[in-house]
>>> print(open('start.txt').read())   # compact mmCIF, C-alpha atoms and all ligand atoms
# COMPACT_ATOMS: atom_id res chain seq x y z
CA MET I 1 182.26 12.89 63.91
CA ARG I 2 182.58 13.65 60.26
CA ASP I 3 180.68 12.81 57.08
CA GLU I 4 182.99 12.07 54.15
CA ASN I 5 180.33 13.21 51.68
CA CYS I 6 179.68 16.54 53.40
CA ILE I 7 181.15 19.65 51.77
CA PHE I 8 180.99 21.68 55.00
CA CYS I 9 182.96 18.98 56.85
CA ARG I 10 185.66 19.36 54.22
CA ILE I 11 185.60 23.15 54.30
CA ALA I 12 185.63 23.20 58.12
CA ALA I 13 188.64 20.85 58.10
CA GLY I 14 190.49 23.16 55.70
CA GLU I 15 190.57 20.58 52.89
CA ILE I 16 188.65 22.93 50.60
CA PRO I 17 189.90 26.54 50.58
CA SER I 18 187.57 29.17 51.97
CA GLU I 19 187.74 32.84 52.97
CA THR I 20 188.19 32.12 56.67
CA ILE I 21 187.36 34.86 59.17
CA TYR I 22 187.98 32.90 62.36
CA GLU I 23 189.03 29.40 63.39
CA ASP I 24 189.43 27.50 66.65
CA ASP I 25 189.49 23.82 67.65
CA ALA I 26 185.72 23.50 67.36
CA CYS I 27 184.65 25.67 64.44
CA ARG I 28 185.56 27.67 61.36
CA VAL I 29 183.85 30.85 60.19
CA ILE I 30 183.79 31.41 56.44
CA LEU I 31 182.30 33.83 53.94
CA ASP I 32 179.22 32.50 52.14
CA LEU I 33 179.81 31.93 48.40
CA GLY I 34 176.31 33.21 47.60
CA PRO I 35 176.05 36.07 50.08
CA ALA I 36 172.78 37.74 51.03
CA SER I 37 174.89 40.85 51.67
CA ASN I 38 178.56 41.87 51.77
CA GLY I 39 180.26 40.03 54.65
CA HIS I 40 177.69 37.22 54.98
CA MET I 41 179.38 34.65 57.25
CA LEU I 42 178.72 31.01 58.11
CA ILE I 43 179.78 29.53 61.45
CA LEU I 44 180.60 25.86 60.83
CA PRO I 45 181.29 23.42 63.67
CA LYS I 46 184.16 21.10 62.69
CA ASP I 47 182.12 18.08 63.78
CA HIS I 48 179.23 16.98 61.61
CA TYR I 49 175.74 17.61 62.97
CA ALA I 50 172.93 17.68 60.42
CA ASP I 51 171.03 20.46 62.18
CA VAL I 52 170.41 22.11 65.56
CA THR I 53 168.47 19.10 66.87
CA GLU I 54 171.70 17.07 66.75
CA LEU I 55 174.00 19.76 68.13
CA PRO I 56 175.13 18.95 71.70
CA GLU I 57 174.77 21.72 74.29
CA GLU I 58 178.51 22.04 74.80
CA ALA I 59 179.04 22.57 71.06
CA ALA I 60 176.17 25.05 70.88
CA ALA I 61 177.09 27.19 73.88
CA PRO I 62 180.04 29.14 72.40
CA LEU I 63 178.30 29.87 69.11
CA LEU I 64 176.03 32.73 70.17
CA PRO I 65 178.85 34.79 71.77
CA LEU I 66 180.94 34.13 68.65
CA ALA I 67 178.08 35.28 66.42
CA ALA I 68 177.83 38.50 68.46
CA ARG I 69 181.56 39.08 68.07
CA LEU I 70 181.36 38.52 64.30
CA GLY I 71 178.35 40.83 64.01
CA LYS I 72 180.22 43.57 65.87
CA ALA I 73 183.21 43.07 63.56
CA ALA I 74 180.89 43.50 60.56
CA MET I 75 179.48 46.72 61.99
CA LYS I 76 182.93 48.12 62.70
CA GLY I 77 184.78 46.74 59.67
CA LEU I 78 182.16 46.83 56.95
CA GLY I 79 179.89 49.60 58.18
CA CYS I 80 176.67 47.61 58.40
CA ALA I 81 174.00 49.04 60.67
CA GLY I 82 172.88 45.70 62.13
CA PHE I 83 172.91 41.98 61.40
CA ASN I 84 170.65 38.96 61.38
CA LEU I 85 171.45 35.54 62.83
CA VAL I 86 169.69 32.92 60.71
CA GLN I 87 169.76 29.19 61.17
CA ASN I 88 167.74 26.85 58.94
CA ASN I 89 166.70 23.34 59.97
CA GLY I 90 165.22 20.99 57.39
CA GLU I 91 164.42 21.40 53.72
CA ALA I 92 161.06 23.00 54.51
CA ALA I 93 162.92 25.71 56.42
CA GLY I 94 165.30 26.37 53.52
CA GLN I 95 168.26 24.31 54.69
CA THR I 96 170.27 23.29 51.64
CA VAL I 97 173.42 21.90 53.32
CA ARG I 98 172.75 19.29 56.00
CA HIS I 99 175.67 20.29 58.22
CA PHE I 100 174.62 22.66 61.00
CA HIS I 101 175.59 26.25 60.25
CA LEU I 102 174.68 29.63 61.68
CA HIS I 103 174.40 32.53 59.23
CA VAL I 104 175.62 35.98 60.32
CA ILE I 105 174.16 38.40 57.77
CA PRO I 106 175.21 42.06 57.82
CA ARG I 107 172.36 44.52 57.22
CA TYR I 108 173.05 47.90 55.65
CA GLU I 109 170.97 51.08 55.88
CA GLY I 110 168.63 51.16 52.88
CA GLY I 111 169.48 47.55 51.98
CA PRO I 112 166.93 45.06 50.68
CA ALA I 113 164.31 43.58 53.00
CA MET I 114 165.10 40.03 54.12
CA CYS I 115 164.42 37.70 57.04
CA ALA I 116 160.93 39.21 57.24
CA TRP I 117 157.42 37.75 57.27
CA THR I 118 153.88 39.02 57.06
CA PRO I 119 152.26 38.71 60.51
CA GLY I 120 149.40 36.20 60.30
CA GLU I 121 146.17 35.96 62.27
CA GLN I 122 145.14 33.22 64.68
CA THR I 123 142.08 32.68 66.86
CA PRO I 124 142.59 32.23 70.63
CA GLU I 125 141.51 28.59 70.17
CA GLU I 126 144.12 27.96 67.47
CA ARG I 127 146.79 29.60 69.63
CA ALA I 128 145.75 27.49 72.65
CA ALA I 129 145.86 24.28 70.57
CA ALA I 130 149.34 25.11 69.30
CA GLY I 131 150.50 25.96 72.82
CA LYS I 132 149.15 22.67 74.18
CA ALA I 133 150.77 20.57 71.42
CA LEU I 134 154.12 22.31 71.98
CA ARG I 135 154.09 22.01 75.78
CA GLU I 136 153.15 18.33 75.57
CA ASN I 137 156.14 17.59 73.36
CA LEU I 138 158.88 19.49 75.16
P1 LIG L 201 171.28 26.98 54.10
O1 LIG L 201 170.30 27.34 53.01
O2 LIG L 201 171.55 25.49 54.13
O3 LIG L 201 170.91 27.53 55.44
O4 LIG L 201 172.62 27.72 53.71
C1 LIG L 201 173.62 27.18 52.95
C2 LIG L 201 174.52 28.32 52.55
O5 LIG L 201 175.78 27.80 52.18
C3 LIG L 201 174.02 29.14 51.36
O6 LIG L 201 173.90 30.50 51.76
C4 LIG L 201 175.08 28.93 50.28
O7 LIG L 201 175.32 30.11 49.54
C5 LIG L 201 176.28 28.51 51.08
N1 LIG L 201 177.18 27.58 50.42
C6 LIG L 201 176.83 26.44 49.78
N2 LIG L 201 177.95 25.80 49.34
C7 LIG L 201 179.01 26.56 49.73
C8 LIG L 201 180.42 26.42 49.56
O8 LIG L 201 180.93 25.47 48.96
N3 LIG L 201 181.20 27.38 50.11
C9 LIG L 201 180.68 28.46 50.79
N4 LIG L 201 181.54 29.35 51.28
N5 LIG L 201 179.34 28.62 50.94
C10 LIG L 201 178.53 27.69 50.42
ZN ZN L 202 179.44 17.85 57.67
>>> encode(input="start.txt", output="structure tokens")
Amino acid sequence: MRDENCIFCRIAAGEIPSETIYEDDACRVILDLGPASNGHMLILPKDHYADVTELPEEAAAPLLPLAARLGKAAMKGLGCAGFNLVQNNGEAAGQTVRHFHLHVIPRYEGGPAMCAWTPGEQTPEERAAAGKALRENL
């Protein structure tokens, strides 16, 4: 379950050196080369899945507890005040590497705004139409 042309497959396998924070049989956690903040980590499964829609449940299940552990380590070790978990799926969502990865981004007091959006407005009819389309496609 590996893509020979995928850089994250090669990093996860240890073929390309990385600043590794954690490793087990299923995943490797590395520091992002273009960090949003100091300590920005990427959780990489060792198997290749393009995005979360391909990730099997058994591969997904351990990732959230691991992300929590990494976030706590960032608060204790780096002094951040909180952290964001970010996970992009598809080019439109900002995904640049098509190998599933979960970002753990430390957030520091007084640091720059990120992972934020301006709340939009929607009519009850628009909300109902969106709800119907989503429920019908679950
Ligand atoms: P995406 O935009 O796909 O959610 O995130 C991809 C992330 O991978 C970016 O934050 C980018 O800085 C990081 N990245 C891309 N190539 C490499 C690499 O070769 N090594 C590491 N450590 N990070 C990378
Ligand atoms: Zn891959």
>>> atom_distance(input="start.txt", atom1="atom CA of I:Asn89", atom2="atom CA of I:Asp3")
17.7 Å
>>> closest_atom_pairs(input="start.txt", of="chain I", to="ligand ZN 202 (chain L)", cutoff="12 Å", atoms="all atoms listed in the file", output="tab-separated table")
residue	atom	partner	partner_atom	distance
I:Met1	CA	L:ZN202	ZN	8.5
I:Arg2	CA	L:ZN202	ZN	5.8
I:Asp3	CA	L:ZN202	ZN	5.2
I:Glu4	CA	L:ZN202	ZN	7.6
I:Asn5	CA	L:ZN202	ZN	7.6
I:Cys6	CA	L:ZN202	ZN	4.5
I:Ile7	CA	L:ZN202	ZN	6.4
I:Phe8	CA	L:ZN202	ZN	4.9
I:Cys9	CA	L:ZN202	ZN	3.8
I:Arg10	CA	L:ZN202	ZN	7.3
I:Ile11	CA	L:ZN202	ZN	8.8
I:Ala12	CA	L:ZN202	ZN	8.2
I:Ala13	CA	L:ZN202	ZN	9.7
I:Cys27	CA	L:ZN202	ZN	11.6
I:Leu44	CA	L:ZN202	ZN	8.7
I:Pro45	CA	L:ZN202	ZN	8.4
I:Lys46	CA	L:ZN202	ZN	7.6
I:Asp47	CA	L:ZN202	ZN	6.7
I:His48	CA	L:ZN202	ZN	4.0
I:Tyr49	CA	L:ZN202	ZN	6.5
I:Ala50	CA	L:ZN202	ZN	7.1
I:Asp51	CA	L:ZN202	ZN	9.9
I:Glu54	CA	L:ZN202	ZN	12.0
I:Leu55	CA	L:ZN202	ZN	11.9
I:Val97	CA	L:ZN202	ZN	8.5
I:Arg98	CA	L:ZN202	ZN	7.0
I:His99	CA	L:ZN202	ZN	4.5
I:Phe100	CA	L:ZN202	ZN	7.6
I:His101	CA	L:ZN202	ZN	9.6
>>> closest_residue(input="start.txt", among="I:Gly14, I:Pro65, I:Gly131, I:Pro56", to="ligand LIG 201 (chain L)", atoms="all atoms listed in the file")
I:Gly14
>>> residues_around(input="start.txt", residues="I:Asn88", least_positions_apart="4", cutoff="9 Å", atoms="all atoms listed in the file", output="MDAnalysis selection string")
chainID I and resid 51:52 92:96 100:103
>>> atom_distance(input="start.txt", atom1="atom CA of I:Ser18", atom2="atom CA of I:Ala74")
18.0 Å
>>> atom_distance(input="start.txt", atom1="atom CA of I:Asp24", atom2="atom CA of I:Arg107")
25.9 Å
>>> residues_around(input="start.txt", residues="I:Val104", least_positions_apart="3", cutoff="8 Å", atoms="all atoms listed in the file", output="list in words")
His40, Met41, Leu42, Ile43, Ala67, Leu70, Gly71, Phe83, Asn84, Leu85 and Val86 of chain I
>>> closest_residue(input="start.txt", among="I:Tyr108, I:Trp117, I:Leu78, I:Thr53", to="I:Gly90", atoms="only C-alpha atoms")
I:Thr53
>>> axis_aligned_box(input="start.txt", around="ligand LIG 201 (chain L)", padding_each_side="8 Å", output="lines of an AutoDock Vina configuration file")
center_x = 175.9
center_y = 28.0
center_z = 52.2
size_x = 27.2
size_y = 21.0
size_z = 22.5
